[in-house]
There are 2 protein chains.
Amino acid sequence: MTDAAAAPLPRVVIVGCGFGGLEAARTLRGAPLDVVVVEKTNHHLFQPLLYQVATAGLAAPSIAAPARLLFRHQPNVTTLLGEVCAIDAQARTVRLADGHVLPYDHLIVAAGATHSYFGHDEWAADAPGLKTLADAFDIRRRVLTAFERAELEPDAARRRALLTFVVIGGGPTGVEMAGTLAEIARHTLAGEFRRIAPEDAEVLLVEGSGRVLQAMPEGLSERARQQLEKLGVRVRLGALVTRIDAGGLDVQEGGPDGPVHRIDSRCVIWAAGVAASPLGRLLAQALGAECDRAGRVKVQPDLSVEGHPEISVVGDLAAAMSHEPGKPPRPVPGVSPAAKQMGRTAARNLLARLAGRATEPFRYKDWGNLATIGRHAAVADVPTPFGPLRFSGYFAWLFWLFVHVYFLIGFRNRLIVLMDWASAYWTFRRNARVVPELDPPRQDS
Amino acid sequence: MTDAAAAPLPRVVIVGCGFGGLEAARTLRGAPLDVVVVEKTNHHLFQPLLYQVATAGLAAPSIAAPARLLFRHQPNVTTLLGEVCAIDAQARTVRLADGHVLPYDHLIVAAGATHSYFGHDEWAADAPGLKTLADAFDIRRRVLTAFERAELEPDAARRRALLTFVVIGGGPTGVEMAGTLAEIARHTLAGEFRRIAPEDAEVLLVEGSGRVLQAMPEGLSERARQQLEKLGVRVRLGALVTRIDAGGLDVQEGGPDGPVHRIDSRCVIWAAGVAASPLGRLLAQALGAECDRAGRVKVQPDLSVEGHPEISVVGDLAAAMSHEPGKPPRPVPGVSPAAKQMGRTAARNLLARLAGRATEPFRYKDWGNLATIGRHAAVADVPTPFGPLRFSGYFAWLFWLFVHVYFLIGFRNRLIVLMDWASAYWTFRRNARVVPELDPPRQDS
């Protein structure tokens, strides 16, 4: 065949369909490319609202859209379900866990992050983290089961442990988890139990450093702490976790020589550490590239990997810098707008390379920093041409709500989420308080 | 203490919070009783729409409400999560699987039904049934995974097996599952795959008897079969399943000497057999009562167990008769309105007994028979004072829709379900096409 149209198109493999991978694939819309998106799960997840699924406020389908539905009208994209377990940069192939081998001409790796237990992987069983829908269901089951078990528990000390919820890590996820758990105990479940008073439940937020929300200016961290306390969360700063087991955790306060306290709890949630997907180190090995301490792959200004212009890394997996003209490079934070922007830049640079044009360095457009804490409680730090705008409380909460509903993918999801929130707001109910099965009894319970 | 108010109230234990148990507890509202509802899961499930969760049309919270939320404003009800594993009719106690022992003065057992494999429990792993939310998630995962695997499968025969969906049993659940699977293949997923054509998937409905929907008049069964075929389902009547394994099933047609055909399929769904909860036989043993072949407990006309006026059995667990004045007793069908009515009668009889009044026999009010098949397709058989009204097609489907949304518990659920259906109707999309994890690879695949 000499027909040019029959020549195979260059193949772009995109690993991951989070914010980075999705945006990269969308940017390639209409290009004469064979784009293959490989995703481990069957959905794109709106991760900023995942804590709402974990805390029974939203049903999973409200914040997750089938990956292939999103590409339905983009005929140059093929969606494949699979987990990439090896990359051969010489042969230019990726291998999936089920044995499939996919050749590529260009590779965009957007495999994201997972939770890190700082070398204590044995803690994972007793303190689940929150990154996937499966994690969210696990946490929902544990939280709801703890209240149910408490209602049945005749022993006061065991009941106390069942009604003690500990969130480890004072970042955005930890803060919103703790705030929402307090709301569940004080409002959602109030009046539904006959033997316990759910509002007596204790919600602790344990943070190793001196303040919550470290990415925020200090003043807003302090406002966040105050709002948490007002919602009923006990915030323990400068508290290092030294042990987690099925019955609770040990916490050391006042530095490395400080006393170690025991907290009995049957529901511990890990929101402390984030590490790049293991694919980062795999990729670095395959390419001879460098990783940072969190396992993120160091990339060139244009997001490609040194010596491999055909490979880009974007999102939480990339140790990328933002390059603004006339300013020194700044590290890019691990937030979803950054992942999205990196996905777009990597795809544009790919198109530039194909067209023989020069690639451009990644420049991060910072839209600001926003964290929700609970009902009427949030903090916001928004850059404006007149300097940063910092506010907290009711208006920050409304602003957070607006931004998150706006960015949710798909009209139907937005509407359903708005309805669920409106109903939750007026009634204090949470609409997804349903688990297929109970948490199985723990070793010592 | 001589204060009469301090004397403990009579304790009513209700086992199960399905339609029967829920209605019994609600009927006891305001009565001077200590009502304890023991439920295995944390929710009341609107089972008639469970197939919609299994086929990714609805999110689980849309059809499930937390049991204790339903009793929030009924202070005489305590909800306990637990599985009843023994009943001691002498000591008047029930024992939960976690060791708790609950004394009772009155007992209403409404533990419902489960699926039966007619002595072939080994089929359960390869042909899941649909009774619980966990079942629905399992089926959703298998169905969605099959299409995903097919997209990756290079071998034509294996791809064919992945795209062959078999529903066993032509009752209401089997018919609606098969009809909806055909709609998913032909409409929902159309245009989303690049290597397979999902509309080429084959959906088979295998029924042992000579017609589907045996509870319906023959004419409507035939109409249902025609509508199924029109939707793209291949209906095989008089086909007996003789074997199910990970690769498919064997089906014998034309009687016990007929030929046995092999059907290769990676997604087989069991909708053929229903049996009473194992609690039925347990209860019968404890009381010396009789069970029927399906394991249902034979009850007196007033729904109590012979020799034990303090114990009633209602819903799918009861082999009950309907007693209409001047007519011979008729068996009660295993449908949700019947369970609800039994729950109400058992509770009223309990109140009558406490007041020293005579109990009344159960009389089943038959609202008719309604089965949905798919888009614009349903059959209805509604008794009227002028004789039965039988209709099918578009109007039966509208009628089914109205009835089911009307009886859904909770305003919010109704609205969300209506919205999901309206959007599914116009766009052919299904809004819950999300699974936390993929179906793990089967033995031979």
# chains A, B, ... in the order shown; residues from 1 in each chain; ligands from 1

$ calpha_fit_and_write --fixed "chain A" --moving "chain B" --output "compact mmCIF listing (two decimals) with C-alpha atoms, in the first residue's frame"
# COMPACT_ATOMS: atom_id res chain seq x y z
CA MET B 1 0.14 0.02 0.10
CA THR B 2 1.48 3.42 -0.77
CA ASP B 3 -1.56 5.35 0.42
CA ALA B 4 -0.25 7.83 2.97
CA ALA B 5 -3.48 7.59 4.95
CA ALA B 6 -2.83 3.94 5.62
CA ALA B 7 0.55 4.57 7.23
CA PRO B 8 0.21 4.02 10.95
CA LEU B 9 -0.09 7.19 12.96
CA PRO B 10 2.48 7.95 15.64
CA ARG B 11 1.39 6.28 18.85
CA VAL B 12 1.19 8.29 22.08
CA VAL B 13 0.74 6.25 25.22
CA ILE B 14 -0.57 8.17 28.24
CA VAL B 15 -0.26 6.34 31.53
CA GLY B 16 -2.97 7.40 33.96
CA CYS B 17 -6.25 9.26 33.59
CA GLY B 18 -6.09 11.65 36.53
CA PHE B 19 -6.04 15.40 36.01
CA GLY B 20 -2.67 15.29 34.17
CA GLY B 21 -3.37 12.37 31.85
CA LEU B 22 -6.90 13.48 31.04
CA GLU B 23 -5.80 17.00 30.14
CA ALA B 24 -2.90 15.69 28.02
CA ALA B 25 -5.24 13.43 26.05
CA ARG B 26 -7.77 16.22 25.59
CA THR B 27 -5.08 18.60 24.34
CA LEU B 28 -4.25 16.05 21.62
CA ARG B 29 -7.83 16.12 20.32
CA GLY B 30 -7.93 16.22 16.54
CA ALA B 31 -4.19 15.60 16.15
CA PRO B 32 -3.13 12.91 13.65
CA LEU B 33 -2.03 10.62 16.46
CA ASP B 34 -3.00 7.24 17.83
CA VAL B 35 -3.48 8.12 21.49
CA VAL B 36 -3.74 5.24 23.96
CA VAL B 37 -4.73 6.06 27.53
CA VAL B 38 -3.86 3.29 29.97
CA GLU B 39 -5.68 3.54 33.29
CA LYS B 40 -5.64 1.19 36.29
CA THR B 41 -9.22 1.87 37.33
CA ASN B 42 -12.12 2.44 34.94
CA HIS B 43 -12.68 6.06 35.95
CA HIS B 44 -11.35 9.54 36.18
CA LEU B 45 -11.65 10.58 39.80
CA PHE B 46 -12.32 14.11 41.01
CA GLN B 47 -9.92 13.62 43.90
CA PRO B 48 -10.57 16.95 45.69
CA LEU B 49 -14.00 15.62 46.69
CA LEU B 50 -12.91 12.07 47.50
CA TYR B 51 -13.11 12.82 51.24
CA GLN B 52 -16.85 13.38 50.73
CA VAL B 53 -17.22 9.79 49.51
CA ALA B 54 -15.18 8.57 52.47
CA THR B 55 -17.37 10.49 54.90
CA ALA B 56 -20.64 9.32 53.31
CA GLY B 57 -21.62 12.69 51.88
CA LEU B 58 -21.50 11.74 48.23
CA ALA B 59 -22.01 8.54 46.26
CA ALA B 60 -18.98 7.40 44.27
CA PRO B 61 -20.53 8.00 40.82
CA SER B 62 -20.97 11.68 41.71
CA ILE B 63 -17.24 12.30 41.63
CA ALA B 64 -16.06 9.63 39.19
CA ALA B 65 -16.67 9.42 35.45
CA PRO B 66 -15.86 6.39 33.29
CA ALA B 67 -12.57 7.21 31.54
CA ARG B 68 -13.80 5.96 28.17
CA LEU B 69 -16.98 8.02 28.40
CA LEU B 70 -14.82 11.15 28.60
CA PHE B 71 -13.12 10.20 25.32
CA ARG B 72 -16.27 9.01 23.58
CA HIS B 73 -16.22 11.88 21.09
CA GLN B 74 -12.46 11.92 20.67
CA PRO B 75 -11.92 9.21 18.05
CA ASN B 76 -8.12 9.36 18.20
CA VAL B 77 -8.16 8.08 21.79
CA THR B 78 -8.29 4.40 22.73
CA THR B 79 -8.84 3.69 26.43
CA LEU B 80 -7.31 0.53 27.84
CA LEU B 81 -7.68 -0.79 31.35
CA GLY B 82 -4.45 -2.01 32.77
CA GLU B 83 -1.62 -1.42 35.18
CA VAL B 84 1.74 -0.51 33.70
CA CYS B 85 4.37 -2.64 35.37
CA ALA B 86 7.43 -2.06 33.15
CA ILE B 87 8.76 0.46 30.68
CA ASP B 88 11.39 -0.46 28.09
CA ALA B 89 12.85 2.85 26.88
CA GLN B 90 15.09 1.10 24.34
CA ALA B 91 12.34 -0.91 22.65
CA ARG B 92 9.85 1.91 23.37
CA THR B 93 7.23 -0.31 24.90
CA VAL B 94 5.24 -0.42 28.11
CA ARG B 95 4.17 -3.72 29.57
CA LEU B 96 0.87 -4.18 31.41
CA ALA B 97 0.44 -6.44 34.42
CA ASP B 98 -1.70 -8.83 32.35
CA GLY B 99 1.17 -9.32 29.89
CA HIS B 100 0.09 -6.98 27.11
CA VAL B 101 2.91 -5.02 25.50
CA LEU B 102 2.13 -1.61 24.02
CA PRO B 103 4.64 0.03 21.69
CA TYR B 104 4.85 3.81 21.80
CA ASP B 105 6.45 6.63 19.86
CA HIS B 106 5.73 9.13 22.62
CA LEU B 107 5.04 8.46 26.25
CA ILE B 108 3.36 10.70 28.81
CA VAL B 109 3.50 9.29 32.31
CA ALA B 110 0.86 10.68 34.64
CA ALA B 111 0.57 7.91 37.20
CA GLY B 112 0.08 10.21 40.18
CA ALA B 113 0.77 9.64 43.82
CA THR B 114 -0.03 7.18 46.54
CA HIS B 115 0.25 7.40 50.32
CA SER B 116 3.51 6.90 52.10
CA TYR B 117 3.93 5.58 55.61
CA PHE B 118 7.52 6.81 55.91
CA GLY B 119 8.93 3.32 56.02
CA HIS B 120 6.16 1.95 58.26
CA ASP B 121 4.12 0.07 55.69
CA GLU B 122 2.84 -2.15 58.49
CA TRP B 123 0.68 0.81 59.58
CA ALA B 124 -1.37 0.63 56.40
CA ALA B 125 -3.74 -2.07 57.71
CA ASP B 126 -4.74 -0.04 60.76
CA ALA B 127 -4.57 3.47 59.29
CA PRO B 128 -5.84 3.54 55.71
CA GLY B 129 -5.01 6.49 53.48
CA LEU B 130 -7.29 8.19 50.98
CA LYS B 131 -6.28 8.13 47.32
CA THR B 132 -8.70 5.84 45.49
CA LEU B 133 -12.40 5.01 45.53
CA ALA B 134 -11.54 1.71 47.20
CA ASP B 135 -9.78 3.67 49.96
CA ALA B 136 -12.83 5.90 50.35
CA PHE B 137 -15.16 2.91 50.71
CA ASP B 138 -12.78 1.36 53.21
CA ILE B 139 -12.77 4.51 55.36
CA ARG B 140 -16.54 4.94 55.06
CA ARG B 141 -16.99 1.37 56.25
CA ARG B 142 -14.64 1.84 59.20
CA VAL B 143 -16.23 5.08 60.35
CA LEU B 144 -19.82 3.85 60.14
CA THR B 145 -18.92 0.49 61.66
CA ALA B 146 -17.23 2.14 64.65
CA PHE B 147 -20.45 3.93 65.65
CA GLU B 148 -22.48 0.75 65.11
CA ARG B 149 -20.10 -1.32 67.26
CA ALA B 150 -20.12 1.34 69.96
CA GLU B 151 -23.93 1.09 70.20
CA LEU B 152 -23.51 -2.64 70.95
CA GLU B 153 -20.47 -2.38 73.25
CA PRO B 154 -21.19 -2.79 76.98
CA ASP B 155 -17.61 -2.05 78.12
CA ALA B 156 -16.98 1.67 78.67
CA ALA B 157 -13.28 1.71 77.72
CA ARG B 158 -13.88 -0.20 74.52
CA ARG B 159 -16.80 2.05 73.71
CA ARG B 160 -14.55 5.07 74.25
CA ALA B 161 -11.96 3.60 71.83
CA LEU B 162 -14.68 2.95 69.24
CA LEU B 163 -15.81 6.55 69.55
CA THR B 164 -12.30 8.00 69.20
CA PHE B 165 -11.42 8.96 65.63
CA VAL B 166 -7.87 9.98 64.86
CA VAL B 167 -6.76 11.68 61.66
CA ILE B 168 -3.00 11.79 61.18
CA GLY B 169 -1.66 14.68 59.15
CA GLY B 170 -2.78 18.29 59.10
CA GLY B 171 -2.66 18.88 55.34
CA PRO B 172 -5.78 19.69 53.33
CA THR B 173 -7.06 16.08 53.36
CA GLY B 174 -6.50 15.64 57.09
CA VAL B 175 -8.18 18.94 57.90
CA GLU B 176 -11.28 18.27 55.81
CA MET B 177 -11.55 14.67 57.06
CA ALA B 178 -11.33 15.76 60.71
CA GLY B 179 -13.79 18.62 60.24
CA THR B 180 -16.30 16.37 58.50
CA LEU B 181 -15.97 13.56 61.05
CA ALA B 182 -16.77 16.07 63.79
CA GLU B 183 -19.83 17.18 61.85
CA ILE B 184 -20.98 13.57 61.41
CA ALA B 185 -20.68 12.89 65.14
CA ARG B 186 -22.24 16.17 66.30
CA HIS B 187 -24.99 16.58 63.73
CA THR B 188 -25.53 13.81 61.20
CA LEU B 189 -25.88 10.94 63.66
CA ALA B 190 -27.33 12.89 66.56
CA GLY B 191 -30.60 11.37 67.75
CA GLU B 192 -30.20 8.09 65.89
CA PHE B 193 -28.60 6.02 68.64
CA ARG B 194 -30.24 4.91 71.88
CA ARG B 195 -27.30 3.66 73.95
CA ILE B 196 -24.49 6.02 72.93
CA ALA B 197 -24.47 9.73 72.23
CA PRO B 198 -22.56 10.05 68.94
CA GLU B 199 -21.86 13.71 69.74
CA ASP B 200 -19.62 12.46 72.56
CA ALA B 201 -17.26 10.99 69.97
CA GLU B 202 -13.80 12.48 70.02
CA VAL B 203 -12.12 13.56 66.79
CA LEU B 204 -8.38 14.18 67.02
CA LEU B 205 -6.18 15.71 64.38
CA VAL B 206 -2.55 14.79 64.96
CA GLU B 207 0.07 16.87 63.16
CA GLY B 208 3.83 16.54 63.53
CA SER B 209 4.74 20.12 62.72
CA GLY B 210 3.75 23.31 64.50
CA ARG B 211 0.72 24.14 62.33
CA VAL B 212 -1.93 22.73 60.01
CA LEU B 213 -2.11 23.57 56.28
CA GLN B 214 1.60 24.31 55.86
CA ALA B 215 1.12 25.47 52.27
CA MET B 216 -0.93 28.37 53.64
CA PRO B 217 0.37 31.57 55.23
CA GLU B 218 0.74 31.23 59.00
CA GLY B 219 -2.23 33.44 59.78
CA LEU B 220 -4.57 31.20 57.80
CA SER B 221 -3.15 28.07 59.43
CA GLU B 222 -4.06 29.53 62.79
CA ARG B 223 -7.53 30.48 61.54
CA ALA B 224 -7.97 26.92 60.29
CA ARG B 225 -6.93 25.51 63.67
CA GLN B 226 -9.43 27.74 65.43
CA GLN B 227 -12.22 26.73 63.09
CA LEU B 228 -11.39 23.05 63.59
CA GLU B 229 -11.59 23.42 67.37
CA LYS B 230 -14.88 25.25 67.03
CA LEU B 231 -16.28 22.35 65.00
CA GLY B 232 -15.25 20.01 67.81
CA VAL B 233 -11.91 18.68 66.57
CA ARG B 234 -9.06 18.46 69.05
CA VAL B 235 -5.94 19.56 67.19
CA ARG B 236 -2.65 18.25 68.53
CA LEU B 237 0.30 20.01 66.93
CA GLY B 238 3.94 18.93 67.27
CA ALA B 239 2.74 15.38 67.86
CA LEU B 240 4.72 12.61 66.17
CA VAL B 241 3.20 9.21 65.59
CA THR B 242 5.60 6.49 66.75
CA ARG B 243 3.36 3.44 66.52
CA ILE B 244 0.00 2.39 65.06
CA ASP B 245 -1.73 -0.91 65.80
CA ALA B 246 -5.25 -2.35 65.77
CA GLY B 247 -6.02 -0.82 69.15
CA GLY B 248 -4.81 2.72 68.56
CA LEU B 249 -1.59 4.69 68.30
CA ASP B 250 1.37 6.11 70.25
CA VAL B 251 2.07 9.80 69.92
CA GLN B 252 5.19 11.64 71.07
CA GLU B 253 4.80 15.28 71.99
CA GLY B 254 7.39 17.96 72.86
CA GLY B 255 10.21 16.80 70.62
CA PRO B 256 12.30 13.62 70.41
CA ASP B 257 12.72 13.44 74.20
CA GLY B 258 9.11 14.25 74.95
CA PRO B 259 6.66 11.85 76.57
CA VAL B 260 4.85 9.22 74.53
CA HIS B 261 1.08 9.07 74.95
CA ARG B 262 -1.19 6.23 74.03
CA ILE B 263 -4.46 6.98 72.25
CA ASP B 264 -6.94 4.11 72.13
CA SER B 265 -8.85 4.30 68.85
CA ARG B 266 -10.49 1.86 66.50
CA CYS B 267 -10.57 4.24 63.58
CA VAL B 268 -7.31 5.86 62.53
CA ILE B 269 -7.00 7.59 59.16
CA TRP B 270 -3.70 8.34 57.51
CA ALA B 271 -3.43 11.71 55.76
CA ALA B 272 0.21 12.40 56.50
CA GLY B 273 2.42 11.21 53.70
CA VAL B 274 2.24 11.34 49.95
CA ALA B 275 4.70 9.60 47.69
CA ALA B 276 4.91 9.31 43.94
CA SER B 277 3.51 6.18 42.31
CA PRO B 278 6.05 3.32 42.34
CA LEU B 279 6.13 3.78 38.56
CA GLY B 280 8.37 6.80 39.18
CA ARG B 281 11.34 4.76 40.40
CA LEU B 282 10.67 2.14 37.74
CA LEU B 283 10.79 4.81 35.07
CA ALA B 284 13.90 6.43 36.55
CA GLN B 285 15.68 3.06 36.55
CA ALA B 286 14.68 2.38 32.96
CA LEU B 287 15.92 5.81 31.82
CA GLY B 288 18.79 6.44 34.17
CA ALA B 289 16.85 9.47 35.38
CA GLU B 290 16.88 10.93 38.86
CA CYS B 291 14.13 10.76 41.50
CA ASP B 292 13.65 13.08 44.45
CA ARG B 293 13.09 11.88 48.02
CA ALA B 294 9.35 11.44 47.44
CA GLY B 295 10.06 9.22 44.42
CA ARG B 296 9.12 11.86 41.85
CA VAL B 297 10.99 11.90 38.56
CA LYS B 298 13.10 14.99 37.88
CA VAL B 299 12.12 16.51 34.55
CA GLN B 300 13.52 19.09 32.14
CA PRO B 301 11.91 22.53 31.95
CA ASP B 302 9.69 21.27 29.10
CA LEU B 303 8.59 18.27 31.28
CA SER B 304 10.50 15.69 29.20
CA VAL B 305 13.01 13.35 30.78
CA GLU B 306 16.70 14.15 30.22
CA GLY B 307 17.97 12.32 27.15
CA HIS B 308 14.46 11.13 26.27
CA PRO B 309 12.56 13.92 24.54
CA GLU B 310 9.90 11.32 23.63
CA ILE B 311 9.03 10.77 27.29
CA SER B 312 7.30 13.32 29.53
CA VAL B 313 6.27 13.06 33.15
CA VAL B 314 3.42 15.20 34.52
CA GLY B 315 1.36 15.66 37.65
CA ASP B 316 2.24 14.34 41.09
CA LEU B 317 4.78 11.97 39.57
CA ALA B 318 6.94 14.83 38.27
CA ALA B 319 9.44 16.82 40.31
CA ALA B 320 8.86 19.82 38.07
CA MET B 321 9.80 23.47 38.31
CA SER B 322 7.81 26.44 37.13
CA HIS B 323 9.76 28.75 34.82
CA GLU B 324 8.58 32.31 34.76
CA PRO B 325 10.55 34.78 32.67
CA GLY B 326 12.88 36.86 34.82
CA LYS B 327 12.27 34.82 37.96
CA PRO B 328 14.15 31.89 39.45
CA PRO B 329 12.48 28.51 38.87
CA ARG B 330 9.98 27.58 41.62
CA PRO B 331 8.92 24.06 42.57
CA VAL B 332 5.40 23.16 41.45
CA PRO B 333 2.98 22.12 44.22
CA GLY B 334 1.20 18.76 44.10
CA VAL B 335 -2.28 20.11 43.41
CA SER B 336 -4.77 19.28 40.69
CA PRO B 337 -4.55 22.58 38.74
CA ALA B 338 -0.78 22.01 38.48
CA ALA B 339 -1.30 18.46 37.18
CA LYS B 340 -3.80 19.72 34.61
CA GLN B 341 -1.46 22.48 33.43
CA MET B 342 1.46 20.05 33.15
CA GLY B 343 -0.66 17.66 31.12
CA ARG B 344 -1.53 20.47 28.73
CA THR B 345 2.09 21.66 28.41
CA ALA B 346 3.44 18.14 27.83
CA ALA B 347 0.87 17.51 25.08
CA ARG B 348 1.55 20.89 23.44
CA ASN B 349 5.28 20.25 23.52
CA LEU B 350 4.69 16.87 21.91
CA LEU B 351 2.75 18.55 19.10
CA ALA B 352 5.49 21.19 18.79
CA ARG B 353 8.15 18.52 18.47
CA LEU B 354 6.15 16.70 15.79
CA ALA B 355 5.81 19.99 13.90
CA GLY B 356 9.53 20.70 14.26
CA ARG B 357 8.93 23.65 16.57
CA ALA B 358 10.76 24.33 19.81
CA THR B 359 9.21 23.18 23.06
CA GLU B 360 8.32 25.63 25.78
CA PRO B 361 9.20 25.48 29.45
CA PHE B 362 6.42 24.75 31.92
CA ARG B 363 5.01 27.77 33.67
CA TYR B 364 2.65 27.17 36.59
CA LYS B 365 -0.28 29.52 36.81
CA ASP B 366 -1.07 29.72 40.51
CA TRP B 367 -4.79 30.21 41.13
CA GLY B 368 -4.30 30.26 44.85
CA ASN B 369 -4.79 27.97 47.73
CA LEU B 370 -8.10 26.88 49.13
CA ALA B 371 -8.91 24.44 51.91
CA THR B 372 -12.26 23.49 53.37
CA ILE B 373 -12.66 22.54 57.00
CA GLY B 374 -16.35 21.95 57.50
CA ARG B 375 -19.69 23.70 57.56
CA HIS B 376 -19.12 27.44 57.03
CA ALA B 377 -15.43 26.90 57.61
CA ALA B 378 -12.63 27.22 55.07
CA VAL B 379 -9.53 29.28 54.37
CA ALA B 380 -8.53 30.90 51.08
CA ASP B 381 -5.36 32.55 49.80
CA VAL B 382 -5.94 33.93 46.32
CA PRO B 383 -3.33 35.95 44.42
CA THR B 384 -4.67 39.10 42.74
CA PRO B 385 -2.91 41.87 40.82
CA PHE B 386 -3.19 43.91 44.03
CA GLY B 387 -1.53 41.31 46.24
CA PRO B 388 -2.84 38.18 47.90
CA LEU B 389 -6.45 38.08 49.07
CA ARG B 390 -6.71 36.07 52.26
CA PHE B 391 -9.98 35.19 53.90
CA SER B 392 -11.57 32.52 56.02
CA GLY B 393 -14.89 31.39 57.45
CA TYR B 394 -18.25 31.57 55.73
CA PHE B 395 -17.19 33.34 52.53
CA ALA B 396 -14.12 31.15 52.06
CA TRP B 397 -16.43 28.17 52.43
CA LEU B 398 -18.89 29.49 49.83
CA PHE B 399 -15.99 30.21 47.50
CA TRP B 400 -14.61 26.70 47.98
CA LEU B 401 -18.03 25.23 47.26
CA PHE B 402 -18.43 27.22 44.07
CA VAL B 403 -14.96 26.39 42.76
CA HIS B 404 -15.30 22.67 43.43
CA VAL B 405 -18.72 22.26 41.92
CA TYR B 406 -17.63 24.33 38.93
CA PHE B 407 -14.67 22.10 38.18
CA LEU B 408 -16.53 18.83 38.65
CA ILE B 409 -16.66 16.99 35.38
CA GLY B 410 -20.03 16.57 33.71
CA PHE B 411 -23.24 18.53 34.14
CA ARG B 412 -25.09 15.72 35.83
CA ASN B 413 -22.46 15.27 38.50
CA ARG B 414 -22.49 18.98 39.30
CA LEU B 415 -26.25 19.00 39.70
CA ILE B 416 -26.34 15.88 41.86
CA VAL B 417 -23.51 17.10 44.04
CA LEU B 418 -25.22 20.46 44.47
CA MET B 419 -28.45 18.72 45.42
CA ASP B 420 -26.70 16.41 47.85
CA TRP B 421 -24.96 19.34 49.43
CA ALA B 422 -28.06 21.48 49.59
CA SER B 423 -29.94 18.65 51.26
CA ALA B 424 -27.00 17.91 53.59
CA TYR B 425 -26.82 21.59 54.44
CA TRP B 426 -30.45 21.97 55.42
CA THR B 427 -30.96 18.61 57.06
CA PHE B 428 -27.44 17.79 58.30
CA ARG B 429 -28.00 14.43 56.65
CA ARG B 430 -25.35 12.70 54.58
CA ASN B 431 -26.79 10.84 51.64
CA ALA B 432 -24.32 8.02 51.14
CA ARG B 433 -24.36 6.40 54.57
CA VAL B 434 -24.50 2.98 53.06
CA VAL B 435 -21.93 0.21 53.02
CA PRO B 436 -22.36 -3.15 51.34
CA GLU B 437 -20.68 -4.90 54.22
CA LEU B 438 -19.49 -4.10 57.69
CA ASP B 439 -15.88 -3.71 58.61
CA PRO B 440 -14.79 -7.18 59.74
CA PRO B 441 -13.97 -7.37 63.45
CA ARG B 442 -10.37 -6.38 64.13
CA GLN B 443 -7.90 -8.74 65.77
CA ASP B 444 -8.30 -7.51 69.30
CA SER B 445 -11.93 -6.48 69.28

$ select_by_dssp --residues "region 77-246 of chain A" --states "strand (DSSP E)" --output "VMD selection string"
chain A and resid 77 to 81 84 to 88 93 to 96 101 to 103 106 to 109 113 to 115 164 to 168 202 to 206 233 to 236 239 to 245

$ select_by_dssp --residues "region 44-132 of chain B" --states "helix (DSSP H, G or I)" --output "list in words"
Gln47, Pro48, Leu49, Leu50, Tyr51, Gln52, Val53, Ala54, Ala60, Pro61, Ser62, Ile63, Ala67, Arg68, Leu69, Leu70, Asp121, Glu122 and Trp123 of chain B
